[in-house]
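Asks: Below is my_file-v5.cif; it holds mmCIF, C-alpha atoms.
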```
data_data
#
loop_
_atom_site.label_atom_id
_atom_site.label_comp_id
_atom_site.auth_asym_id
_atom_site.auth_seq_id
_atom_site.Cartn_x
_atom_site.Cartn_y
_atom_site.Cartn_z
CA MET S 1 112.71 188.17 102.46
CA GLU S 2 108.97 188.50 102.61
CA ILE S 3 107.31 191.13 100.44
CA LYS S 4 103.62 191.93 100.44
CA VAL S 5 101.70 194.12 98.05
CA LEU S 6 98.46 195.34 99.61
CA GLY S 7 95.42 196.39 97.62
CA PRO S 8 91.82 195.33 97.03
CA GLY S 9 92.42 194.94 93.30
CA CYS S 10 92.30 198.24 91.47
CA PRO S 11 94.48 199.13 88.44
CA ASN S 12 96.95 200.94 90.71
CA CYS S 13 97.34 197.85 92.87
CA HIS S 14 98.10 195.69 89.82
CA LYS S 15 100.71 198.21 88.72
CA MET S 16 102.24 198.17 92.17
CA GLU S 17 102.48 194.38 92.04
CA GLU S 18 104.13 194.42 88.60
CA LEU S 19 106.55 197.06 89.75
CA THR S 20 107.54 195.08 92.81
CA THR S 21 107.97 191.81 90.92
CA LYS S 22 110.14 193.62 88.39
CA ALA S 23 112.24 195.24 91.10
CA VAL S 24 112.82 191.89 92.80
CA LYS S 25 113.84 190.31 89.50
CA GLU S 26 116.21 193.13 88.58
CA LEU S 27 117.83 193.07 91.99
CA GLY S 28 118.22 189.33 91.64
CA ILE S 29 117.19 188.59 95.19
CA ASP S 30 115.36 185.64 96.57
CA ALA S 31 112.03 186.98 97.71
CA LYS S 32 108.44 186.01 97.44
CA VAL S 33 105.96 188.68 96.40
CA ASP S 34 102.57 188.06 97.94
CA LYS S 35 99.48 189.88 96.87
CA ILE S 36 97.15 190.69 99.73
CA THR S 37 93.58 191.50 98.79
CA ASP S 38 91.83 190.58 102.03
CA ILE S 39 90.60 193.75 103.64
CA LYS S 40 91.23 192.56 107.21
CA GLU S 41 94.79 191.66 106.36
CA ILE S 42 95.31 195.03 104.65
CA MET S 43 93.92 196.87 107.65
CA LYS S 44 96.64 195.38 109.82
CA TYR S 45 99.14 197.65 108.14
CA THR S 46 97.46 200.63 106.56
CA MET S 47 94.27 202.17 105.28
CA SER S 48 95.75 203.73 102.15
CA THR S 49 96.31 201.33 99.31
CA PRO S 50 98.22 200.39 97.25
CA ALA S 51 100.83 199.62 99.87
CA LEU S 52 104.12 197.80 100.13
CA VAL S 53 105.11 195.81 103.20
CA ILE S 54 108.58 194.30 103.48
CA ASN S 55 109.40 191.90 106.32
CA GLY S 56 106.33 193.10 108.15
CA LYS S 57 107.28 196.74 107.85
CA LEU S 58 105.19 199.33 105.98
CA LYS S 59 107.41 200.90 103.32
CA HIS S 60 104.94 202.68 101.07
CA SER S 61 101.26 203.49 101.16
CA GLY S 62 98.83 205.33 98.97
CA LYS S 63 99.06 207.24 95.75
CA PRO S 64 101.05 208.04 93.68
CA LEU S 65 102.99 204.86 93.14
CA PRO S 66 106.72 204.94 93.77
CA SER S 67 109.09 204.66 90.80
CA LEU S 68 110.87 201.39 90.02
CA GLU S 69 114.09 202.87 91.41
CA LYS S 70 112.35 203.84 94.62
CA VAL S 71 110.92 200.34 95.05
CA LYS S 72 114.40 198.88 94.60
CA GLU S 73 115.72 201.30 97.19
CA LEU S 74 112.98 200.35 99.65
CA ILE S 75 113.71 196.65 99.16
CA GLN S 76 117.42 197.17 99.66
CA GLN S 77 116.84 199.09 102.88
CA GLU S 78 115.41 195.89 104.34
CA LYS S 79 117.87 193.52 102.76
CA THR S 80 120.56 193.20 105.44
CA MET P 1 100.75 236.63 75.57
CA LEU P 2 99.13 233.24 75.13
CA GLN P 3 96.34 234.83 73.16
CA LYS P 4 98.93 236.41 70.84
CA PHE P 5 100.64 233.06 70.41
CA ALA P 6 97.36 231.33 69.55
CA GLU P 7 96.53 234.08 67.06
CA HIS P 8 99.96 233.87 65.52
CA LEU P 9 99.72 230.11 65.12
CA THR P 10 96.22 230.29 63.68
CA TYR P 11 96.60 233.14 61.24
CA THR P 12 100.29 233.35 60.36
CA ILE P 13 101.51 229.78 60.49
CA LEU P 14 98.34 227.93 59.51
CA THR P 15 97.35 230.94 57.36
CA LEU P 16 93.68 230.67 58.14
CA GLU P 17 91.36 233.50 57.20
CA HIS P 18 90.47 236.04 59.88
CA GLY P 19 86.93 235.69 61.11
CA SER P 20 86.32 232.34 59.46
CA ARG P 21 84.61 229.73 61.59
CA LEU P 22 87.41 227.24 61.28
CA ALA P 23 89.99 229.81 62.37
CA ASP P 24 87.80 230.68 65.31
CA VAL P 25 87.58 227.05 66.38
CA ILE P 26 91.31 226.46 65.95
CA GLU P 27 92.28 229.58 67.86
CA PHE P 28 89.93 228.67 70.72
CA PHE P 29 91.42 225.17 70.76
CA ILE P 30 95.08 226.23 70.79
CA TYR P 31 94.63 228.96 73.35
CA ASP P 32 92.58 226.86 75.78
CA THR P 33 94.72 223.76 75.47
CA ILE P 34 97.96 225.59 76.28
CA LYS P 35 96.39 227.61 79.05
CA ILE P 36 94.77 224.60 80.72
CA PHE P 37 97.89 222.45 80.60
CA LEU P 38 100.03 225.23 82.06
CA LEU P 39 97.56 225.76 84.88
CA LEU P 40 97.17 222.03 85.50
CA THR P 41 100.91 221.51 85.81
CA ILE P 42 101.44 224.40 88.20
CA ILE P 43 98.38 223.85 90.37
CA ILE P 44 98.56 220.06 90.63
CA PHE P 45 102.21 220.38 91.65
CA ALA P 46 101.37 222.93 94.35
CA VAL P 47 98.36 220.95 95.58
CA SER P 48 100.42 217.74 95.70
CA ILE P 49 102.96 219.36 98.01
CA ILE P 50 100.15 220.47 100.33
CA ARG P 51 98.61 216.99 100.12
CA SER P 52 101.80 215.29 101.19
CA TYR P 53 101.23 216.90 104.60
CA PHE P 54 97.75 215.40 104.97
CA PRO P 55 97.98 211.61 104.66
CA PRO P 56 94.67 209.82 105.40
CA GLU P 57 96.09 208.58 108.72
CA LYS P 58 96.49 212.15 109.94
CA THR P 59 93.03 213.15 108.71
CA LYS P 60 91.58 210.19 110.57
CA ARG P 61 93.26 211.33 113.76
CA ILE P 62 91.93 214.88 113.38
CA LEU P 63 88.37 213.69 112.74
CA SER P 64 88.26 211.00 115.37
CA HIS P 65 85.50 211.62 117.95
CA LYS P 66 84.75 215.07 116.55
CA LYS P 67 81.33 216.53 117.29
CA GLU P 68 78.86 216.61 114.46
CA PHE P 69 78.63 219.78 112.43
CA ILE P 70 82.11 221.03 113.36
CA GLY P 71 83.27 217.56 112.35
CA ASN P 72 81.31 217.79 109.09
CA ILE P 73 82.91 221.12 108.22
CA LEU P 74 86.41 219.86 109.01
CA ALA P 75 85.81 216.63 107.10
CA ALA P 76 84.61 218.49 104.00
CA LEU P 77 87.72 220.72 104.08
CA LEU P 78 90.08 217.80 104.70
CA GLY P 79 88.40 215.95 101.84
CA ILE P 80 89.94 218.52 99.51
CA VAL P 81 93.52 218.07 100.67
CA THR P 82 93.72 214.40 101.67
CA PRO P 83 94.95 212.25 98.79
CA PHE P 84 93.47 208.82 98.33
CA CYS P 85 93.08 206.32 95.54
CA SER P 86 89.41 205.48 94.98
CA CYS P 87 90.37 201.85 95.51
CA SER P 88 91.23 202.60 99.12
CA ALA P 89 87.77 203.99 99.89
CA VAL P 90 86.91 200.72 101.69
CA PRO P 91 89.93 200.53 104.03
CA LEU P 92 89.61 204.27 104.56
CA PHE P 93 85.95 203.96 105.50
CA ILE P 94 86.66 201.10 107.92
CA GLY P 95 89.63 202.96 109.37
CA PHE P 96 87.49 206.05 109.99
CA MET P 97 84.68 204.09 111.62
CA GLU P 98 87.09 202.20 113.79
CA ALA P 99 88.74 205.39 114.96
CA GLY P 100 85.38 206.74 116.10
CA VAL P 101 84.78 209.18 113.26
CA PRO P 102 80.98 209.61 113.19
CA LEU P 103 79.22 208.14 110.13
CA GLY P 104 77.92 211.52 108.92
CA VAL P 105 81.37 213.09 109.25
CA THR P 106 82.88 210.22 107.25
CA PHE P 107 80.31 210.93 104.54
CA SER P 108 81.18 214.62 104.42
CA PHE P 109 84.74 213.53 103.70
CA LEU P 110 83.74 211.00 101.05
CA ILE P 111 81.50 213.54 99.30
CA SER P 112 83.87 216.50 99.16
CA SER P 113 86.92 214.49 98.16
CA PRO P 114 85.93 213.64 94.57
CA MET P 115 83.82 216.76 94.04
CA VAL P 116 86.35 219.43 94.89
CA ASN P 117 89.39 218.01 93.13
CA GLU P 118 92.29 219.90 91.63
CA VAL P 119 91.57 218.96 88.02
CA ALA P 120 87.99 220.26 88.24
CA VAL P 121 89.15 223.42 89.98
CA VAL P 122 91.85 224.15 87.38
CA LEU P 123 89.49 223.64 84.47
CA LEU P 124 86.82 225.82 86.05
CA PHE P 125 89.35 228.52 86.82
CA GLY P 126 90.91 228.38 83.36
CA LEU P 127 87.64 228.47 81.46
CA PHE P 128 85.06 230.16 83.69
CA GLY P 129 87.21 232.46 85.84
CA TRP P 130 87.75 232.71 89.59
CA LYS P 131 84.21 233.73 90.54
CA VAL P 132 82.58 230.59 89.19
CA THR P 133 85.39 228.53 90.69
CA ALA P 134 84.80 230.04 94.11
CA ILE P 135 81.05 229.43 93.79
CA TYR P 136 81.68 225.81 92.78
CA ILE P 137 84.02 225.16 95.70
CA GLY P 138 81.63 226.89 98.12
CA ALA P 139 78.62 224.98 96.83
CA GLY P 140 80.59 221.71 96.83
CA LEU P 141 81.58 222.20 100.45
CA PHE P 142 77.99 223.06 101.32
CA VAL P 143 76.70 219.86 99.68
CA ALA P 144 79.34 217.79 101.51
CA ILE P 145 78.71 219.38 104.92
CA PHE P 146 74.93 219.34 104.61
CA GLY P 147 74.70 215.87 103.05
CA GLY P 148 76.97 214.35 105.70
CA PHE P 149 75.15 216.17 108.49
CA ILE P 150 71.75 214.80 107.40
CA ILE P 151 73.11 211.26 107.09
CA GLY P 152 74.53 211.63 110.59
CA LYS P 153 71.19 212.86 111.98
CA LEU P 154 69.31 209.95 110.44
CA LYS P 155 71.33 207.50 112.56
CA LEU P 156 71.91 204.96 109.82
CA GLU P 157 74.75 203.06 111.48
CA LYS P 158 72.64 199.88 111.31
CA TRP P 159 72.96 199.96 107.52
CA VAL P 160 76.70 199.69 107.58
CA GLU P 161 77.88 196.11 106.90
CA GLU P 162 78.39 194.32 110.23
CA TYR P 163 81.90 193.15 109.53
CA VAL P 164 83.07 196.76 109.47
CA TYR P 165 82.46 196.98 113.22
CA LYS P 166 84.30 193.72 113.81
CA ILE P 167 87.62 194.80 112.44
CA HIS P 168 89.87 196.03 115.19
CA SER P 169 93.40 196.72 114.25
CA GLU P 170 94.01 198.14 117.71
CA HIS P 171 96.94 200.27 116.71
CA SER P 172 97.39 203.56 114.97
CA TYR P 173 99.03 203.32 111.63
CA GLU P 174 102.49 204.47 111.00
CA ILE P 175 102.90 207.57 108.87
CA ILE P 176 105.96 207.21 106.69
CA LYS P 177 108.19 210.22 107.29
CA GLN P 178 109.13 212.30 104.28
CA THR P 179 111.85 214.85 103.73
CA PHE P 180 110.99 217.99 101.77
CA LYS P 181 112.94 216.63 98.83
CA GLU P 182 110.79 213.51 98.90
CA ARG P 183 107.68 215.69 98.97
CA LEU P 184 108.87 217.48 95.85
CA GLN P 185 109.50 214.14 94.19
CA TYR P 186 106.04 212.99 95.28
CA ALA P 187 104.50 216.16 93.85
CA LYS P 188 106.36 215.67 90.58
CA ASP P 189 105.28 212.01 90.30
CA ASN P 190 101.71 212.90 91.15
CA THR P 191 101.58 215.72 88.58
CA ILE P 192 102.90 213.45 85.85
CA ASP P 193 100.54 210.68 86.93
CA ILE P 194 97.46 212.91 86.76
CA LEU P 195 98.47 214.60 83.50
CA LYS P 196 99.03 211.19 81.91
CA ARG P 197 95.56 210.13 82.98
CA VAL P 198 93.65 213.20 81.82
CA TRP P 199 95.48 214.78 78.87
CA LEU P 200 93.62 212.91 76.17
CA PHE P 201 90.21 213.61 77.74
CA ILE P 202 91.03 217.27 78.01
CA ILE P 203 92.21 217.60 74.42
CA ILE P 204 89.16 215.78 73.06
CA ALA P 205 86.83 217.77 75.30
CA ILE P 206 88.40 221.10 74.35
CA GLY P 207 88.12 220.00 70.71
CA ILE P 208 84.40 219.29 71.09
CA GLY P 209 84.03 222.52 73.06
CA GLY P 210 85.79 224.41 70.29
CA PHE P 211 83.50 222.88 67.71
CA ILE P 212 80.39 223.84 69.69
CA HIS P 213 81.88 227.29 70.21
CA GLY P 214 82.33 227.79 66.47
CA TYR P 215 79.48 225.95 64.85
CA VAL P 216 76.51 225.81 67.21
CA PRO P 217 74.34 228.93 66.98
CA GLU P 218 74.19 231.35 69.91
CA ASP P 219 71.25 230.85 72.24
CA PHE P 220 70.81 227.35 70.88
CA LEU P 221 70.26 226.00 74.38
CA SER P 222 68.53 228.97 75.97
CA TYR P 223 65.13 227.52 75.39
CA TYR P 224 65.92 224.03 76.69
CA ALA P 225 68.55 224.64 79.34
CA GLY P 226 68.15 228.31 80.19
CA LYS P 227 66.71 229.79 83.35
CA GLY P 228 63.20 229.73 81.94
CA ASN P 229 62.92 225.96 81.93
CA PRO P 230 62.34 224.65 85.47
CA LEU P 231 63.03 221.09 84.36
CA ALA P 232 66.54 221.88 83.17
CA VAL P 233 68.21 221.35 86.56
CA PRO P 234 66.72 217.94 87.42
CA VAL P 235 67.23 216.70 83.86
CA ALA P 236 70.87 217.83 83.92
CA VAL P 237 71.37 216.04 87.25
CA ALA P 238 69.62 212.92 86.00
CA ILE P 239 72.00 212.84 83.04
CA GLY P 240 75.01 213.63 85.23
CA VAL P 241 74.55 210.93 87.88
CA PRO P 242 75.06 207.82 85.73
CA LEU P 243 77.58 209.63 83.53
CA TYR P 244 80.96 208.70 84.81
CA ALA P 245 83.38 210.93 83.07
CA ASN P 246 86.16 212.58 84.92
CA ALA P 247 85.84 216.30 85.41
CA ALA P 248 88.53 216.79 82.79
CA GLY P 249 86.30 215.52 80.05
CA VAL P 250 83.14 217.26 81.10
CA ILE P 251 84.06 220.82 81.97
CA PRO P 252 85.29 222.06 78.56
CA ILE P 253 82.11 220.75 76.95
CA VAL P 254 79.92 222.26 79.64
CA TYR P 255 81.74 225.55 79.17
CA ALA P 256 80.85 225.61 75.50
CA LEU P 257 77.24 224.70 76.32
CA MET P 258 77.03 227.59 78.73
CA GLU P 259 78.10 229.96 75.96
CA LYS P 260 75.13 228.69 74.01
CA GLY P 261 72.64 229.54 76.68
CA MET P 262 72.77 226.88 79.40
CA SER P 263 72.31 228.71 82.69
CA MET P 264 74.90 228.78 85.46
CA GLY P 265 72.91 226.89 88.09
CA THR P 266 72.19 224.10 85.63
CA VAL P 267 75.86 223.96 84.70
CA LEU P 268 76.96 223.73 88.35
CA ALA P 269 74.37 221.07 89.20
CA PHE P 270 75.40 218.99 86.22
CA MET P 271 79.09 219.12 87.10
CA MET P 272 78.43 218.21 90.71
CA ALA P 273 76.29 215.25 89.70
CA VAL P 274 79.06 214.01 87.41
CA THR P 275 81.87 214.34 89.94
CA ALA P 276 80.15 213.49 93.23
CA LEU P 277 78.11 210.48 92.24
CA SER P 278 79.58 207.78 90.07
CA LEU P 279 78.73 204.15 89.49
CA PRO P 280 82.23 202.74 90.14
CA GLU P 281 82.30 204.58 93.47
CA MET P 282 78.90 203.13 94.41
CA ILE P 283 80.13 199.62 93.62
CA ILE P 284 83.15 200.15 95.85
CA LEU P 285 81.07 201.63 98.68
CA ARG P 286 78.58 198.75 98.43
CA LYS P 287 81.27 196.61 100.10
CA VAL P 288 80.81 198.55 103.34
CA LEU P 289 77.31 199.99 103.03
CA LYS P 290 74.03 198.13 102.76
CA VAL P 291 71.78 198.99 99.84
CA PRO P 292 69.33 201.21 101.82
CA LEU P 293 72.16 203.44 103.06
CA LEU P 294 73.60 203.67 99.57
CA GLY P 295 70.14 204.66 98.37
CA VAL P 296 69.76 207.31 101.06
CA PHE P 297 73.20 208.65 100.14
CA VAL P 298 72.37 208.94 96.44
CA GLY P 299 68.95 210.40 97.26
CA ILE P 300 70.24 213.10 99.60
CA MET P 301 73.00 214.03 97.18
CA THR P 302 70.64 214.26 94.23
CA VAL P 303 68.15 216.45 96.08
CA THR P 304 70.85 218.73 97.51
CA ILE P 305 72.56 219.17 94.15
CA ILE P 306 69.25 219.99 92.46
CA ALA P 307 68.55 222.56 95.21
CA VAL P 308 71.97 224.15 94.62
CA GLY P 309 71.21 224.33 90.89
CA TYR P 310 67.89 226.13 91.47
CA LEU P 311 69.49 228.44 93.99
CA PHE P 312 72.17 229.62 91.56
CA ASN P 313 69.72 229.91 88.70
CA ALA P 314 67.67 232.19 90.93
CA ILE P 315 70.46 234.45 92.20
CA LEU P 316 72.92 234.64 89.29
#
```
Translate the structure described by the file into structure tokens.
Replies:
Amino acid sequence: MEIKVLGPGCPNCHKMEELTTKAVKELGIDAKVDKITDIKEIMKYTMSTPALVINGKLKHSGKPLPSLEKVKELIQQEKT
Amino acid sequence: MLQKFAEHLTYTILTLEHGSRLADVIEFFIYDTIKIFLLLTIIIFAVSIIRSYFPPEKTKRILSHKKEFIGNILAALLGIVTPFCSCSAVPLFIGFMEAGVPLGVTFSFLISSPMVNEVAVVLLFGLFGWKVTAIYIGAGLFVAIFGGFIIGKLKLEKWVEEYVYKIHSEHSYEIIKQTFKERLQYAKDNTIDILKRVWLFIIIAIGIGGFIHGYVPEDFLSYYAGKGNPLAVPVAVAIGVPLYANAAGVIPIVYALMEKGMSMGTVLAFMMAVTALSLPEMIILRKVLKVPLLGVFVGIMTVTIIAVGYLFNAIL
């Protein structure tokens, strides 16, 4: 599974990254969490950061951040 | 009822003497703190639900290829309801430009968004009453519409960083669908998020406000910051521009200063300068705007805000 956290590097984006890493760990799945800070790359998916992209699909964008539970749910939706 | 509760707490439970300065300060503090937090919770929750219907992607679509002026008005209004994290100002700006939103219209959006925000509106409403709140919102919209319109007329597109025009994502972004239950959850999360961020500022600011209210003599500021001093407005704006406090921390203090003789127009100009122009925002915008455009932006905003200050000093 390929997970991307999108954000130019604000406090909210760091929180989003931590949240995602934690969710992946707690779910015990094999996934790589990539942090995307390049604006051109971000613009491929959304214009509201922080955002979460799983397997190339936009799952969350903008504020406020989702809860840990919600992130887990979003990851599991794409797990199959 | 709240007033009664604050009185009860001050005089019966803390057994402070009636009419003493300390009691006055404490009562002011308790009453305002409870009132403001109640209002903040209710209004942020309501605003968040409305906001969940206006994601930036939708706003972009509405504003795309709009004529100037009408576009500026719409952009200023949408700036109030569209949620965005200040960190996404850059992708948002690029997204707007790419979708054919005129530069001036984009600016109207970027100006009104931080200036007319729910925390500022709640604090104004709670402390100053609905009339001042309405004047602030009206003046804020005016500054956003007018400022954006002028920037549009000056044709400054050449001062936007070139790479902005080179990004073509070629597709419209997906808007994640939400059920009403998810919107409620979003509103709840957002309310908690904002309260967590501002509560300490508000309590400290109300504390300072309470202190000024109780201990600083009446009319203390009339001479320096009253209507009679023509320099008061520009000086207030000059202090407000580099000052990057969130509205939460500034308004309770400004409220207390107004009680001591600072005039309304000066108060409004100061608050606008604090909320609309901030250094962190400039640093973020520098990534997409060249220095001259940034300078023009700050210049136009400063002049317009000062004009609004004089106007309200003259008519109120």
Asks: Check which residues of chain P sit at most 8 Å from chain S using all atoms listed in the file, and return one row each with the closest pair of atoms and their distance in Å to one decimal, ordered by chain and rising number, as a Markdown table.
Replies:
```
| residue | atom | partner | partner_atom | distance |
| --- | --- | --- | --- | --- |
| P:Pro56 | CA | S:Ser48 | CA | 7.0 |
| P:Glu57 | CA | S:Met47 | CA | 7.5 |
| P:Pro83 | CA | S:Lys63 | CA | 7.2 |
| P:Phe84 | CA | S:Lys63 | CA | 6.4 |
| P:Cys85 | CA | S:Lys63 | CA | 6.1 |
| P:Cys87 | CA | S:Cys10 | CA | 5.8 |
| P:Ser88 | CA | S:Thr49 | CA | 5.2 |
| P:Pro91 | CA | S:Met47 | CA | 4.8 |
| P:Leu92 | CA | S:Met47 | CA | 5.2 |
| P:Gly95 | CA | S:Met47 | CA | 6.2 |
| P:Ile167 | CA | S:Lys40 | CA | 6.7 |
| P:Ser169 | CA | S:Lys44 | CA | 5.6 |
| P:Tyr173 | CA | S:Thr46 | CA | 6.0 |
| P:Glu174 | CA | S:Leu58 | CA | 7.7 |
| P:Ile176 | CA | S:His60 | CA | 7.3 |
| P:Tyr186 | CA | S:Pro64 | CA | 7.2 |
| P:Asp189 | CA | S:Pro64 | CA | 6.7 |
| P:Asn190 | CA | S:Pro64 | CA | 5.5 |
| P:Asp193 | CA | S:Pro64 | CA | 7.3 |
```
Asks: Taking the file as shown, what set of residues would the PyMOL selection byres ((chain P and resi 207) around 9) give back, as a VMD selection string?
Replies: chain P and resid 25 to 26 28 to 29 33 202 to 206 208 to 212 252 to 253
Asks: Could you tell me how far atom CA of Leu63 of chain P lies from atom CA of Ile145 of chain P, in Å and to one decimal?
Replies: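 Going from atom CA of Leu63 of chain P over to atom CA of Ile145 of chain P covers 13.7 Å.
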Asks: Counting only C-alpha atoms, figure out which residue out of P:Arg197, P:Lys131, P:Lys155, P:Lys188 gets nearest to Val119 of chain P.
Replies: P:Arg197
Asks: Would you translate the PyMOL selection byres ((chain P and resi 269-282) around 6) into the concrete set of residues it matches in this file, as a list in words?
Replies: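 On the file shown, the PyMOL selection byres ((chain P and resi 269-282) around 6) covers Pro114, Met115, Ala236, Val237, Gly240, Val241, Tyr244, Thr266, Val267, Leu268, Ile283, Ile284, Leu285, Arg286, Ile305 and Gly309 of chain P.
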Asks: I'd like the residues picked by the PyMOL selection byres ((chain S and resi 16-31) around 9) written out as a list in words, using the chain letters and numbers from the file.
Replies: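 This file gives the following for the PyMOL selection byres ((chain S and resi 16-31) around 9): Met1, Glu2, Ile3, Lys4, Val5, Leu6, Gly7, Pro11, Asn12, Cys13, His14, Lys15, Lys32, Val33, Asp34, Lys35, Pro50, Ala51, Leu52, Leu65, Pro66, Ser67, Leu68, Glu69, Val71, Lys72, Ile75 and Gln76 of chain S.
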Asks: Have a look at atom CA of Ala144 of chain P and atom CA of Arg183 of chain P and let me know their distance in Å, one decimal.
Replies: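 Separation between atom CA of Ala144 of chain P and atom CA of Arg183 of chain P: 28.5 Å.
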Asks: Would you mind reading off the distance between atom CA of Pro230 of chain P and atom CA of Val254 of chain P, one decimal, in Å?
Replies: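 It comes out at 18.7 Å.
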Asks: Would you pick out the contacts of Ile30 of chain P at 12 Å or less, using only C-alpha atoms, so that residues sharing its chain but fewer than 5 positions from it are not included, and give the list as a ChimeraX atom specification?
Replies: /P:2-11,14,23-25,35-37,203,206-207,209-210
Asks: My list of candidates is P:Leu22, P:Ala232, P:Met264, P:Ile175. Which is closest to Phe54 of chain P when distances are computed with all atoms listed in the file?
Replies: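 Nearest to Phe54 of chain P: P:Ile175.
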Asks: So that I can check the surroundings of Glu78 of chain S, please list as number ranges by chain every protein, DNA and RNA residue that reaches within 8 Å of it, counting only C-alpha atoms and ignoring chain neighbours fewer than 4 positions away.
Replies: S: 54-55, 74
Asks: Keeping only C-alpha atoms, take the residues you just selected and write them out as a CSV table (one decimal), keeping the file's coordinate frame.
Replies:
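Result file follows (part-v9.csv):
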```csv
chain,number,residue,atom,x,y,z
S,54,ILE,CA,108.6,194.3,103.5
S,55,ASN,CA,109.4,191.9,106.3
S,74,LEU,CA,113.0,200.4,99.6
```
Asks: Fewer than 6 positions away in the same chain doesn't count, so skip those; otherwise give me all residues within 7 Å of segment 157-160 of chain P, counting all atoms listed in the file, as a list in words.
Replies: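 Those residues are Leu103, Val288, Leu289, Lys290, Pro292 and Leu293 of chain P.
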Asks: Go ahead and dump the residues you just picked, C-alpha atoms, as a PDB file, in the frame of the given file.
Replies:
```
ATOM      1  CA  LEU P 103      79.220 208.140 110.130  1.00  0.00           C
ATOM      2  CA  VAL P 288      80.810 198.550 103.340  1.00  0.00           C
ATOM      3  CA  LEU P 289      77.310 199.990 103.030  1.00  0.00           C
ATOM      4  CA  LYS P 290      74.030 198.130 102.760  1.00  0.00           C
ATOM      5  CA  PRO P 292      69.330 201.210 101.820  1.00  0.00           C
ATOM      6  CA  LEU P 293      72.160 203.440 103.060  1.00  0.00           C
TER       7      LEU P 293
END
```
